[in-house]
Amino acid sequence: KAKQNKVVWTAKNKTSEDADLESITINWPAANGALKNLKVNGEKLVKNVDGNSYTHYFDNLVSVQSGSKVKLAMKFDSLSSVSDSDYYIALNLSDGSVVELDSVKQNITRNEQRDTYFPTQVRANELHEMGITGRGVGVAVIDSGLANFEQLEYNSFGEKREIHRLSLVGGKKDKFGHGTHVTSLIANSEVTYTEDGQPTNSFNGIAPDVDLISIKAFDKNGDSTYSDILTAIIYVIENKDRLNIKVLNLSFGSEVQSLYFYDPINVALMAAWDAGITVITSAGNTGPNGMTVGVPGNNPYLITVGATSDNYTPFNFEDDFVASFSSSGPTHAGFIKPELVAPGAHLQGLMSEKSSLFKNYSVYDDNNGYFLLSGTSQATAVTSGIVALMLQDQPNLSPDDVKCRLIDTARMAQTKEGDLGFSIFRQ
């Protein structure tokens, strides 16, 4: 963050262990002039350092507790550049390890005025500015339910959103947290802010104006049964016209037990596809080895999605990579999977502090109801949001049309020599 010749970097200790900070090394563009002052967590350490490099050694080790932050504030004579690549900051720890902060995006913990990045990464922000926001499209999510958040209760127009809820496992609340997180990636209607705190014409979810059908089929531990999932799928098919269900998000998977066309869940989902519902499902998080795509991701009808990481540089696409956890094809029946990959690492989504995921992994709390999660579940939700945008713009597209267009317009990762950056069974 840059303002009035000041540059601020913030790092959060996301490990379960406390860390002891021994020294800090800073390099800056020579054209900035002198380092007028340096503050760490509000304490002024030094002023008027000439040159373009400085290492500050603390008299006593600075303890950075698990979950706490280190905030560096620097003021220069002037700011010749705010490009990440022109600065280098390293936190040198007492155990000899070094935490390098070579990007202001390294810490994605934000306050209530935030940018979740992934809508811009997939260019959904451009459609938001054109008025394409998923309005009038029903998206069903079979997961662990949905917590109450204003960003989900209301759409981007401030109108009460159409939300239909069904619980198959008792209780209405999302006690696990996964379902809320996934749904928020699709439908979060909160406006995006620039780093200067100015609102934009885009939103923190891919399709902020969709109608939601939340079917709770997973319990507080994130577990479900074939019976409950089948009941949920049949409900979606039988109520697709009444609830205008165009998209079905399935951010879950199970181990393959049979050929895909013998599996009851896959049989039901083929019926959903034939009924005109575009089904998007996750590849799974058991990669990177081949033949690790589970059910229903192994279904050749459906759109199966793997996950990418932005390498903590949200708008530099050259260093993106397929996440190591993302499951790989081919399927046991020999089909190429996944169909495509989408952002799925450290995504900022909504989650109740009372949910078990939040309680068990509070280190990933991203403030103000946001939580960082990684997985092909998150990549699936991003893709479901994109499909909702497509169907608002062209409501008559069939599931096959949607699938072909997604595959055809996806960007293949290649090396500088023009070879595949990742196998076709990974991307």
# chains A, B, ... in the order shown; residues from 1 in each chain; ligands from 1

call {"tool": "select_by_dssp", "arguments": {"residues": "region 12-227 of chain A", "states": "strand (DSSP E)", "output": "JSON, numbers by chain"}}
result
{"A": [12, 19, 20, 21, 22, 23, 24, 25, 26, 27, 35, 36, 37, 38, 39, 40, 43, 44, 45, 46, 47, 48, 49, 53, 54, 55, 56, 57, 58, 59, 60, 61, 62, 63, 64, 69, 70, 71, 72, 73, 74, 75, 76, 88, 89, 90, 91, 92, 93, 98, 99, 100, 101, 138, 139, 140, 141, 142, 143, 163, 164, 165, 166, 167, 191, 192, 193, 199, 200, 201, 202, 203, 211, 212, 213, 214, 215, 216]}

call {"tool": "closest_atom_pairs", "arguments": {"of": "region 63-96 of chain A", "to": "region 41-56 of chain A", "cutoff": "7 Å", "atoms": "only C-alpha atoms", "output": "JSON lines"}}
result
{"residue": "A:Val70", "atom": "CA", "partner": "A:Asn41", "partner_atom": "CA", "distance": 6.1}
{"residue": "A:Lys71", "atom": "CA", "partner": "A:Asn41", "partner_atom": "CA", "distance": 5.0}
{"residue": "A:Leu72", "atom": "CA", "partner": "A:Asn41", "partner_atom": "CA", "distance": 6.5}

call {"tool": "closest_residue", "arguments": {"among": "A:Lys359, A:Arg411, A:His164, A:His178", "to": "Lys240 (chain A)", "atoms": "only C-alpha atoms"}}
result
A:His164

call {"tool": "residues_around", "arguments": {"residues": "region 161-163 of chain A", "least_positions_apart": "3", "cutoff": "10 Å", "atoms": "only C-alpha atoms", "output": "number ranges by chain"}}
result
A: 136, 138-140, 146, 150-158, 208-214, 243

call {"tool": "write_last_selection", "arguments": {"atoms": "N, CA and C atoms", "output": "mmCIF file, in the first residue's frame"}}
result
data_model
loop_
_atom_site.group_PDB
_atom_site.id
_atom_site.type_symbol
_atom_site.label_atom_id
_atom_site.label_comp_id
_atom_site.auth_asym_id
_atom_site.auth_seq_id
_atom_site.Cartn_x
_atom_site.Cartn_y
_atom_site.Cartn_z
ATOM 1 N N GLY A 136 -31.211 -13.455 -12.498
ATOM 2 C CA GLY A 136 -32.220 -14.301 -13.119
ATOM 3 C C GLY A 136 -31.817 -15.741 -13.303
ATOM 4 N N GLY A 138 -30.714 -19.336 -11.580
ATOM 5 C CA GLY A 138 -30.727 -20.093 -10.335
ATOM 6 C C GLY A 138 -29.539 -21.040 -10.262
ATOM 7 N N VAL A 139 -28.788 -20.943 -9.176
ATOM 8 C CA VAL A 139 -27.623 -21.807 -8.962
ATOM 9 C C VAL A 139 -27.868 -22.653 -7.715
ATOM 10 N N ALA A 140 -27.843 -23.961 -7.883
ATOM 11 C CA ALA A 140 -28.006 -24.878 -6.758
ATOM 12 C C ALA A 140 -26.640 -25.326 -6.262
ATOM 13 N N LEU A 146 -25.741 -23.000 4.374
ATOM 14 C CA LEU A 146 -25.435 -21.594 4.108
ATOM 15 C C LEU A 146 -25.685 -20.766 5.363
ATOM 16 N N GLU A 150 -24.912 -10.747 5.080
ATOM 17 C CA GLU A 150 -25.608 -9.723 4.317
ATOM 18 C C GLU A 150 -25.226 -9.787 2.840
ATOM 19 N N GLN A 151 -23.960 -10.121 2.571
ATOM 20 C CA GLN A 151 -23.496 -10.182 1.180
ATOM 21 C C GLN A 151 -24.171 -11.306 0.396
ATOM 22 N N LEU A 152 -24.758 -12.259 1.104
ATOM 23 C CA LEU A 152 -25.469 -13.353 0.451
ATOM 24 C C LEU A 152 -26.982 -13.167 0.554
ATOM 25 N N GLU A 153 -27.445 -12.526 1.612
ATOM 26 C CA GLU A 153 -28.873 -12.290 1.790
ATOM 27 C C GLU A 153 -29.405 -11.263 0.799
ATOM 28 N N TYR A 154 -28.511 -10.355 0.362
ATOM 29 C CA TYR A 154 -28.923 -9.294 -0.565
ATOM 30 C C TYR A 154 -28.047 -9.341 -1.814
ATOM 31 N N ASN A 155 -28.628 -8.941 -2.958
ATOM 32 C CA ASN A 155 -27.852 -8.894 -4.189
ATOM 33 C C ASN A 155 -27.181 -7.533 -4.345
ATOM 34 N N SER A 156 -26.572 -7.295 -5.477
ATOM 35 C CA SER A 156 -25.804 -6.054 -5.663
ATOM 36 C C SER A 156 -26.687 -4.820 -5.787
ATOM 37 N N PHE A 157 -27.997 -5.029 -5.977
ATOM 38 C CA PHE A 157 -28.932 -3.913 -6.054
ATOM 39 C C PHE A 157 -29.499 -3.561 -4.678
ATOM 40 N N GLY A 158 -29.072 -4.307 -3.661
ATOM 41 C CA GLY A 158 -29.612 -4.093 -2.332
ATOM 42 C C GLY A 158 -30.967 -4.754 -2.125
ATOM 43 N N PRO A 208 -22.818 -11.973 -8.551
ATOM 44 C CA PRO A 208 -23.414 -11.467 -7.307
ATOM 45 C C PRO A 208 -24.935 -11.384 -7.284
ATOM 46 N N ASP A 209 -25.593 -11.599 -8.424
ATOM 47 C CA ASP A 209 -27.044 -11.426 -8.456
ATOM 48 C C ASP A 209 -27.813 -12.711 -8.762
ATOM 49 N N VAL A 210 -27.154 -13.878 -8.667
ATOM 50 C CA VAL A 210 -27.853 -15.130 -8.922
ATOM 51 C C VAL A 210 -28.872 -15.411 -7.822
ATOM 52 N N ASP A 211 -29.864 -16.225 -8.149
ATOM 53 C CA ASP A 211 -30.729 -16.807 -7.137
ATOM 54 C C ASP A 211 -30.034 -18.056 -6.598
ATOM 55 N N LEU A 212 -30.203 -18.327 -5.312
ATOM 56 C CA LEU A 212 -29.482 -19.434 -4.680
ATOM 57 C C LEU A 212 -30.430 -20.519 -4.200
ATOM 58 N N ILE A 213 -30.045 -21.749 -4.468
ATOM 59 C CA ILE A 213 -30.732 -22.920 -3.935
ATOM 60 C C ILE A 213 -29.690 -23.688 -3.138
ATOM 61 N N SER A 214 -29.760 -23.575 -1.827
ATOM 62 C CA SER A 214 -28.771 -24.181 -0.941
ATOM 63 C C SER A 214 -29.344 -25.462 -0.351
ATOM 64 N N LEU A 243 -37.829 -23.529 -9.488
ATOM 65 C CA LEU A 243 -36.794 -22.695 -8.875
ATOM 66 C C LEU A 243 -35.822 -22.111 -9.902
#

call {"tool": "select_by_dssp", "arguments": {"residues": "region 108-250 of chain A", "states": "alpha helix (DSSP H)", "output": "PyMOL selection string"}}
result
chain A and resi 118-121+124-129+150-153+178-187+226-238

call {"tool": "residues_around", "arguments": {"residues": "Ser78 (chain A)", "least_positions_apart": "4", "cutoff": "7 Å", "atoms": "only C-alpha atoms", "output": "PyMOL selection string"}}
result
chain A and resi 5+32-33

call {"tool": "write_last_selection", "arguments": {"atoms": "N, CA and C atoms", "output": "PDB file, in the first residue's frame"}}
result
ATOM      1  N   ASN A   5       4.333   9.178  -0.171  1.00  0.00           N
ATOM      2  CA  ASN A   5       5.727   8.733  -0.071  1.00  0.00           C
ATOM      3  C   ASN A   5       5.922   7.618   0.950  1.00  0.00           C
ATOM      4  N   ASN A  32      14.211   6.685  -4.992  1.00  0.00           N
ATOM      5  CA  ASN A  32      13.354   7.085  -3.864  1.00  0.00           C
ATOM      6  C   ASN A  32      14.070   8.046  -2.919  1.00  0.00           C
ATOM      7  N   GLY A  33      15.396   8.055  -3.007  1.00  0.00           N
ATOM      8  CA  GLY A  33      16.165   8.874  -2.077  1.00  0.00           C
ATOM      9  C   GLY A  33      16.339   8.176  -0.742  1.00  0.00           C
TER      10      GLY A  33
END

call {"tool": "closest_residue", "arguments": {"among": "A:Leu21, A:Val363, A:Val8, A:Leu168", "to": "Asp95 (chain A)", "atoms": "only C-alpha atoms"}}
result
A:Leu21

call {"tool": "residues_around", "arguments": {"residues": "Gly369 (chain A)", "least_positions_apart": "4", "cutoff": "8 Å", "atoms": "only C-alpha atoms", "output": "ChimeraX atom specification"}}
result
/A:350-353,365

call {"tool": "closest_atom_pairs", "arguments": {"of": "region 334-424 of chain A", "to": "region 179-196 of chain A", "cutoff": "9 Å", "atoms": "only C-alpha atoms", "output": "tab-separated table"}}
result
residue	atom	partner	partner_atom	distance
A:Leu347	CA	A:Leu185	CA	8.2
A:Gln348	CA	A:Leu185	CA	7.8
A:Gly349	CA	A:His181	CA	4.9
A:Leu350	CA	A:His181	CA	5.0
A:Met351	CA	A:His181	CA	5.5
A:Ser352	CA	A:Thr180	CA	8.0
A:Tyr370	CA	A:His181	CA	8.5
A:Phe371	CA	A:His181	CA	7.7
A:Leu372	CA	A:His181	CA	8.9
A:Leu373	CA	A:His181	CA	8.1
A:Ser377	CA	A:Val182	CA	7.0
A:Gln378	CA	A:Val182	CA	5.9
A:Thr380	CA	A:Val182	CA	8.4
A:Ala381	CA	A:Ile186	CA	5.7
A:Val382	CA	A:Ile186	CA	6.0
A:Thr383	CA	A:Ile186	CA	8.3
A:Ser384	CA	A:Ile186	CA	6.8
A:Gly385	CA	A:Ile186	CA	4.8
A:Ile386	CA	A:Ile186	CA	8.3
A:Ala388	CA	A:Ile186	CA	8.9

call {"tool": "closest_residue", "arguments": {"among": "A:Leu259, A:Lys216, A:Ala413, A:Arg426", "to": "Thr304 (chain A)", "atoms": "only C-alpha atoms"}}
result
A:Arg426

call {"tool": "residues_around", "arguments": {"residues": "Gly171 (chain A)", "least_positions_apart": "4", "cutoff": "10 Å", "atoms": "only C-alpha atoms", "output": "JSON, numbers by chain"}}
result
{"A": [145, 166, 167, 175, 216, 219]}

call {"tool": "atom_distance", "arguments": {"atom1": "CA of Lys172 (chain A)", "atom2": "CA of Asp143 (chain A)"}}
result
12.2 Å

call {"tool": "residues_around", "arguments": {"residues": "Leu230 (chain A)", "least_positions_apart": "2", "cutoff": "8 Å", "atoms": "only C-alpha atoms", "output": "list in words"}}
result
Tyr226, Ser227, Asp228, Ala232, Ile233, Ile234, Pro264, Ile265 and Ala268 of chain A

call {"tool": "atom_distance", "arguments": {"atom1": "CA of Asp59 (chain A)", "atom2": "CA of Tyr88 (chain A)"}}
result
22.6 Å
